[in-house]
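To be precise, the following lines are work.txt, and they hold compact mmCIF, C-alpha atoms.
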```txt
# COMPACT_ATOMS: atom_id res chain seq x y z
CA MET A 1 8.15 78.30 56.76
CA THR A 2 6.25 79.25 53.62
CA ALA A 3 5.24 76.78 50.94
CA VAL A 4 3.39 76.43 47.68
CA ALA A 5 1.45 73.33 46.66
CA LEU A 6 1.42 72.29 43.01
CA ILE A 7 -1.30 69.89 41.91
CA PRO A 8 -0.81 68.28 38.49
CA ALA A 9 -4.35 67.46 37.35
CA ALA A 10 -4.15 67.50 33.57
CA GLY A 11 -4.30 63.75 32.96
CA THR A 12 -6.86 62.09 30.71
CA SER A 13 -8.04 59.41 33.20
CA ARG A 14 -7.53 56.84 30.43
CA ARG A 15 -7.35 53.86 32.78
CA MET A 16 -10.44 54.98 34.69
CA GLY A 17 -12.62 55.52 31.64
CA PHE A 18 -14.16 58.80 32.86
CA SER A 19 -12.91 62.18 34.13
CA LYS A 20 -12.24 61.04 37.69
CA LEU A 21 -11.03 64.33 39.19
CA LEU A 22 -14.26 66.20 38.53
CA THR A 23 -16.54 63.26 39.32
CA PRO A 24 -18.23 63.30 42.75
CA LEU A 25 -16.91 60.73 45.19
CA ALA A 26 -19.52 60.23 47.91
CA GLY A 27 -20.95 63.57 46.82
CA VAL A 28 -17.72 65.59 46.60
CA PRO A 29 -15.54 65.82 43.45
CA VAL A 30 -12.16 64.14 43.90
CA LEU A 31 -10.15 67.25 43.06
CA LEU A 32 -12.14 69.36 45.50
CA ARG A 33 -11.44 66.82 48.27
CA THR A 34 -7.72 67.02 47.54
CA VAL A 35 -7.60 70.81 47.47
CA ARG A 36 -9.61 71.05 50.70
CA THR A 37 -7.02 68.94 52.48
CA LEU A 38 -4.08 71.02 51.28
CA ALA A 39 -5.91 74.31 51.89
CA GLY A 40 -6.28 73.31 55.54
CA ILE A 41 -2.49 73.47 55.95
CA GLN A 42 -1.55 77.06 56.73
CA ALA A 43 1.98 76.78 55.36
CA PHE A 44 0.51 76.64 51.85
CA GLN A 45 0.12 80.29 50.96
CA GLN A 46 -0.45 79.36 47.33
CA ILE A 47 -2.04 76.33 45.70
CA ILE A 48 -1.61 76.06 41.93
CA ILE A 49 -3.59 73.47 39.97
CA ALA A 50 -2.50 72.52 36.46
CA VAL A 51 -5.55 71.19 34.59
CA GLN A 52 -6.38 70.06 31.07
CA PRO A 53 -6.26 73.08 28.75
CA GLY A 54 -9.78 74.34 28.21
CA SER A 55 -11.10 73.17 31.59
CA GLU A 56 -9.76 76.10 33.63
CA ALA A 57 -13.13 77.85 33.92
CA GLU A 58 -14.92 74.67 35.00
CA VAL A 59 -12.38 73.91 37.71
CA THR A 60 -12.30 77.53 38.89
CA ALA A 61 -16.08 77.50 39.25
CA LEU A 62 -15.89 74.26 41.22
CA LEU A 63 -13.44 75.79 43.69
CA ALA A 64 -15.38 79.03 44.00
CA ALA A 65 -17.80 77.19 46.29
CA GLU A 66 -15.06 77.33 48.95
CA PRO A 67 -14.64 81.10 49.52
CA ALA A 68 -12.70 80.60 52.76
CA TRP A 69 -9.60 79.56 50.83
CA ALA A 70 -10.38 80.01 47.13
CA GLN A 71 -8.30 83.20 47.02
CA ARG A 72 -5.16 81.13 47.67
CA VAL A 73 -5.83 78.88 44.68
CA ARG A 74 -4.92 79.45 41.03
CA VAL A 75 -5.95 77.26 38.13
CA ILE A 76 -3.68 77.14 35.08
CA ALA A 77 -3.41 75.08 31.91
CA GLY A 78 -1.25 72.01 32.27
CA GLY A 79 1.04 70.47 29.68
CA ALA A 80 1.36 67.35 27.58
CA THR A 81 2.96 65.34 30.41
CA ARG A 82 3.18 65.50 34.18
CA VAL A 83 6.66 67.01 33.88
CA HIS A 84 5.35 69.81 31.69
CA SER A 85 2.38 70.45 33.99
CA VAL A 86 4.60 70.77 37.06
CA TRP A 87 6.94 73.08 35.16
CA HIS A 88 4.00 75.27 34.06
CA ALA A 89 2.82 75.43 37.68
CA LEU A 90 6.31 76.39 38.86
CA GLN A 91 6.26 79.33 36.45
CA ALA A 92 3.03 80.53 38.07
CA VAL A 93 4.47 80.70 41.60
CA VAL A 94 4.44 84.23 43.01
CA GLY A 95 7.43 85.26 45.11
CA THR A 96 9.93 82.82 46.57
CA PRO A 97 8.44 80.46 49.16
CA ASP A 98 10.78 78.19 51.09
CA LEU A 99 9.28 74.94 49.84
CA VAL A 100 7.33 73.48 46.95
CA ALA A 101 5.13 70.42 47.43
CA VAL A 102 3.87 68.46 44.43
CA HIS A 103 0.76 66.40 45.16
CA ASP A 104 -1.39 64.27 42.87
CA GLY A 105 -4.89 65.59 42.34
CA ALA A 106 -6.11 61.98 42.59
CA ARG A 107 -4.82 61.47 46.15
CA PRO A 108 -7.59 63.01 48.28
CA PHE A 109 -6.97 60.97 51.43
CA VAL A 110 -3.48 62.06 52.47
CA ASP A 111 -3.22 62.79 56.19
CA PRO A 112 -2.44 66.49 56.81
CA ALA A 113 -0.01 65.44 59.56
CA ILE A 114 1.97 63.48 56.94
CA VAL A 115 2.06 66.52 54.68
CA CYS A 116 3.38 68.66 57.54
CA ALA A 117 6.02 66.03 58.36
CA ALA A 118 7.14 66.09 54.72
CA LEU A 119 7.41 69.88 54.80
CA ASP A 120 9.55 69.77 57.94
CA THR A 121 11.75 67.03 56.47
CA ALA A 122 12.34 68.87 53.21
CA LEU A 123 13.17 72.06 55.06
CA ALA A 124 15.81 70.15 57.02
CA CYS A 125 17.46 68.10 54.28
CA GLY A 126 16.35 69.47 50.91
CA GLY A 127 13.82 66.92 49.75
CA ALA A 128 11.13 64.64 51.16
CA LEU A 129 9.09 61.91 49.54
CA VAL A 130 5.96 60.43 51.07
CA ALA A 131 6.01 56.67 50.46
CA THR A 132 4.86 53.31 51.78
CA PRO A 133 7.10 50.32 52.52
CA VAL A 134 6.76 47.55 49.95
CA ILE A 135 4.97 44.52 51.42
CA PRO A 136 4.84 41.93 48.59
CA THR A 137 7.91 39.97 47.55
CA ILE A 138 9.28 41.71 44.45
CA LYS A 139 10.80 39.77 41.55
CA ALA A 140 13.03 41.22 38.83
CA VAL A 141 12.43 39.64 35.41
CA ASN A 142 13.93 39.74 31.95
CA ALA A 143 12.22 40.40 28.61
CA ALA A 144 10.90 36.83 28.57
CA ARG A 145 9.38 37.32 32.05
CA CYS A 146 11.83 34.86 33.57
CA VAL A 147 12.80 35.76 37.13
CA THR A 148 16.34 37.08 37.41
CA ALA A 149 16.38 38.14 41.07
CA THR A 150 14.38 38.52 44.25
CA LEU A 151 14.78 42.05 45.52
CA ASP A 152 15.30 42.93 49.17
CA ARG A 153 12.00 44.53 50.10
CA ALA A 154 13.57 46.08 53.20
CA THR A 155 15.17 48.58 50.81
CA LEU A 156 12.08 49.21 48.68
CA TRP A 157 9.44 51.91 49.11
CA ALA A 158 6.49 52.73 46.87
CA ALA A 159 6.60 56.42 46.06
CA ALA A 160 3.48 58.51 46.64
CA THR A 161 2.89 62.23 47.09
CA PRO A 162 3.34 64.87 48.29
CA GLN A 163 6.95 65.20 47.24
CA VAL A 164 8.48 68.29 48.79
CA PHE A 165 11.63 70.24 47.89
CA ARG A 166 13.39 73.48 48.65
CA VAL A 167 12.13 75.78 45.93
CA ARG A 168 15.40 77.13 44.57
CA ALA A 169 16.97 73.66 44.37
CA PHE A 170 13.88 72.23 42.68
CA VAL A 171 13.71 74.98 40.05
CA THR A 172 17.42 74.53 39.36
CA ALA A 173 16.96 70.77 39.00
CA TYR A 174 14.20 71.33 36.44
CA GLU A 175 16.30 73.86 34.51
CA HIS A 176 19.18 71.38 34.36
CA PHE A 177 16.77 68.66 33.25
CA TRP A 178 15.47 70.72 30.34
CA ARG A 179 19.01 71.60 29.25
CA SER A 180 20.00 67.94 29.34
CA GLN A 181 17.32 67.12 26.72
CA ALA A 182 16.63 63.89 28.62
CA GLU A 183 13.62 61.77 27.69
CA VAL A 184 10.57 63.26 29.41
CA GLY A 185 8.61 60.01 29.08
CA ALA A 186 11.09 58.24 31.34
CA ILE A 187 10.21 60.50 34.29
CA THR A 188 7.38 59.13 36.41
CA ASP A 189 7.66 61.35 39.48
CA ASP A 190 9.20 64.67 40.48
CA GLY A 191 11.71 63.11 42.82
CA GLN A 192 13.52 61.66 39.79
CA ILE A 193 14.36 65.12 38.48
CA PHE A 194 15.64 66.16 41.91
CA GLU A 195 17.67 62.92 42.17
CA LEU A 196 19.22 63.44 38.73
CA ASP A 197 20.50 66.80 39.93
CA GLY A 198 22.10 65.28 43.03
CA GLY A 199 19.40 66.30 45.51
CA VAL A 200 18.96 64.46 48.79
CA ILE A 201 15.48 63.03 49.43
CA ARG A 202 14.38 61.49 52.71
CA ILE A 203 11.39 59.16 52.99
CA VAL A 204 8.37 60.11 55.11
CA GLU A 205 6.08 57.15 55.70
CA SER A 206 2.60 57.68 54.30
CA ASN A 207 -0.74 56.94 55.84
CA PRO A 208 -2.11 53.80 54.12
CA GLU A 209 -5.26 55.59 52.93
CA ASN A 210 -3.17 57.85 50.69
CA ILE A 211 -3.97 55.89 47.54
CA LYS A 212 -3.88 57.29 44.03
CA ILE A 213 -7.25 56.77 42.37
CA THR A 214 -6.30 55.41 38.95
CA THR A 215 -8.47 52.41 38.05
CA PRO A 216 -12.12 51.39 38.61
CA PHE A 217 -10.90 49.11 41.41
CA ASP A 218 -9.25 52.12 43.10
CA TRP A 219 -12.53 54.00 42.77
CA ARG A 220 -14.38 51.32 44.71
CA ILE A 221 -11.80 51.53 47.50
CA ALA A 222 -12.02 55.32 47.46
CA GLU A 223 -15.79 55.18 47.85
CA MET A 224 -15.37 53.10 51.00
CA LEU A 225 -12.75 55.50 52.37
CA ALA A 226 -14.92 58.53 51.58
CA ARG A 227 -17.88 57.05 53.42
CA ALA A 228 -15.90 55.83 56.44
CA PRO A 229 -16.59 57.62 59.76
CA ALA A 230 -14.17 60.45 60.44
```

Full structure transcribed into structure tokens:
Amino acid sequence: MTAVALIPAAGTSRRMGFSKLLTPLAGVPVLLRTVRTLAGIQAFQQIIIAVQPGSEAEVTALLAAEPAWAQRVRVIAGGATRVHSVWHALQAVVGTPDLVAVHDGARPFVDPAIVCAALDTALACGGALVATPVIPTIKAVNAARCVTATLDRATLWAAATPQVFRVRAFVTAYEHFWRSQAEVGAITDDGQIFELDGGVIRIVESNPENIKITTPFDWRIAEMLARAPA
């Protein structure tokens, strides 16, 4: 099995209020923590990071401190949305690996064993999505915020990353998406594009620490996780 990891990291951190990916978390920048984890998985022969245009040199310098695996990493300019950033990263893939894994730059605590399980699952059935079972009771509401239904949480999972796909099928799904001229803003994860093209995705249960650091509250949790004993 050969794989490439794509890390969309071109967001503006609007809800955080500062550039979270390059900010040290317990002494280590968030993005560097994430890349270290993925670089420790030998299946990833390439790691491509899509960053805010203009920050390529800064991120490249940050990663240069890790010479053991820096040669497997490329930093490119991302796009206006996550969808565009992932597409740009796909264009930068060299050769034809078996699998592509898309992982949020702001998820530094994913368990490598979960990543490997997702790779194996995608190789077997085409697509894999790391997710957590929904614990709260979920209510559907209308425009007036009146409850219209209570959803069966046994059928609900909260999507996380990595999301892993067979490369050829994933590229084809993206090409079909662009030709469809569908609304890019309606796409919130990469699995949606694969689903729209008829791809099969199987859930791989995440480790609970695999949070996405998005808000100041998430940052406080991440600090505790970063300082926890190994």

Leaving out stretch 154-165 of chain A and any residue of its chain fewer than 2 positions from it, which residues lie within 7 Å of it when counting all atoms listed in the file, given as a PyMOL selection string?
-> chain A and resi 99-104+115+118-119+122+126-134+152+167+170+191

Would you mind reading off the distance between atom CA of A:Ala124 and atom CA of A:Met1, one decimal, in Å?
-> 11.2 Å

Check the smallest atom-to-atom distance from each of A:Ala113, A:Leu25, A:Ala50, A:Ala182 to A:Ile76 using all atoms listed in the file, then report the winner.
->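 Residue with the minimum atom-to-atom distance to A:Ile76: A:Ala50.
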
May I have the residues within 10 Å of stretch 54-71 of chain A as an mmCIF file with C-alpha atoms, in the coordinates of the input, using all atoms listed in the file and disregarding those fewer than 2 positions away in the same chain?
```
data_model
loop_
_atom_site.group_PDB
_atom_site.id
_atom_site.type_symbol
_atom_site.label_atom_id
_atom_site.label_comp_id
_atom_site.auth_asym_id
_atom_site.auth_seq_id
_atom_site.Cartn_x
_atom_site.Cartn_y
_atom_site.Cartn_z
ATOM 1 C CA ALA A 10 -4.150 67.500 33.570
ATOM 2 C CA LEU A 21 -11.030 64.330 39.190
ATOM 3 C CA LEU A 22 -14.260 66.200 38.530
ATOM 4 C CA PRO A 29 -15.540 65.820 43.450
ATOM 5 C CA LEU A 31 -10.150 67.250 43.060
ATOM 6 C CA LEU A 32 -12.140 69.360 45.500
ATOM 7 C CA VAL A 35 -7.600 70.810 47.470
ATOM 8 C CA ARG A 36 -9.610 71.050 50.700
ATOM 9 C CA ALA A 39 -5.910 74.310 51.890
ATOM 10 C CA GLY A 40 -6.280 73.310 55.540
ATOM 11 C CA GLN A 45 0.120 80.290 50.960
ATOM 12 C CA GLN A 46 -0.450 79.360 47.330
ATOM 13 C CA ILE A 47 -2.040 76.330 45.700
ATOM 14 C CA ILE A 49 -3.590 73.470 39.970
ATOM 15 C CA ALA A 50 -2.500 72.520 36.460
ATOM 16 C CA VAL A 51 -5.550 71.190 34.590
ATOM 17 C CA GLN A 52 -6.380 70.060 31.070
ATOM 18 C CA VAL A 73 -5.830 78.880 44.680
ATOM 19 C CA ARG A 74 -4.920 79.450 41.030
ATOM 20 C CA VAL A 75 -5.950 77.260 38.130
ATOM 21 C CA ILE A 76 -3.680 77.140 35.080
ATOM 22 C CA ALA A 77 -3.410 75.080 31.910
ATOM 23 C CA GLY A 78 -1.250 72.010 32.270
#
```

Rounded to one decimal in Å, what is the spacing between atom CA of A:Ala9 and atom CA of A:Gly105?
-> 5.4 Å

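Between atom CA of A:Gly198 and atom CA of A:Cys125 there is a distance of 12.5 Å.
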
List the residues sitting within 6 Å of (-7.1, 64.5, 46.4) in the file's frame, using all atoms listed in the file, as number ranges by chain.
-> A: 30-31, 33-34, 105-108

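Nearest-residue note for A:Glu209: choosing from A:Ala140, A:Val184, A:Leu38, A:Val110, the minimum distance belongs to A:Val110, counting only C-alpha atoms.
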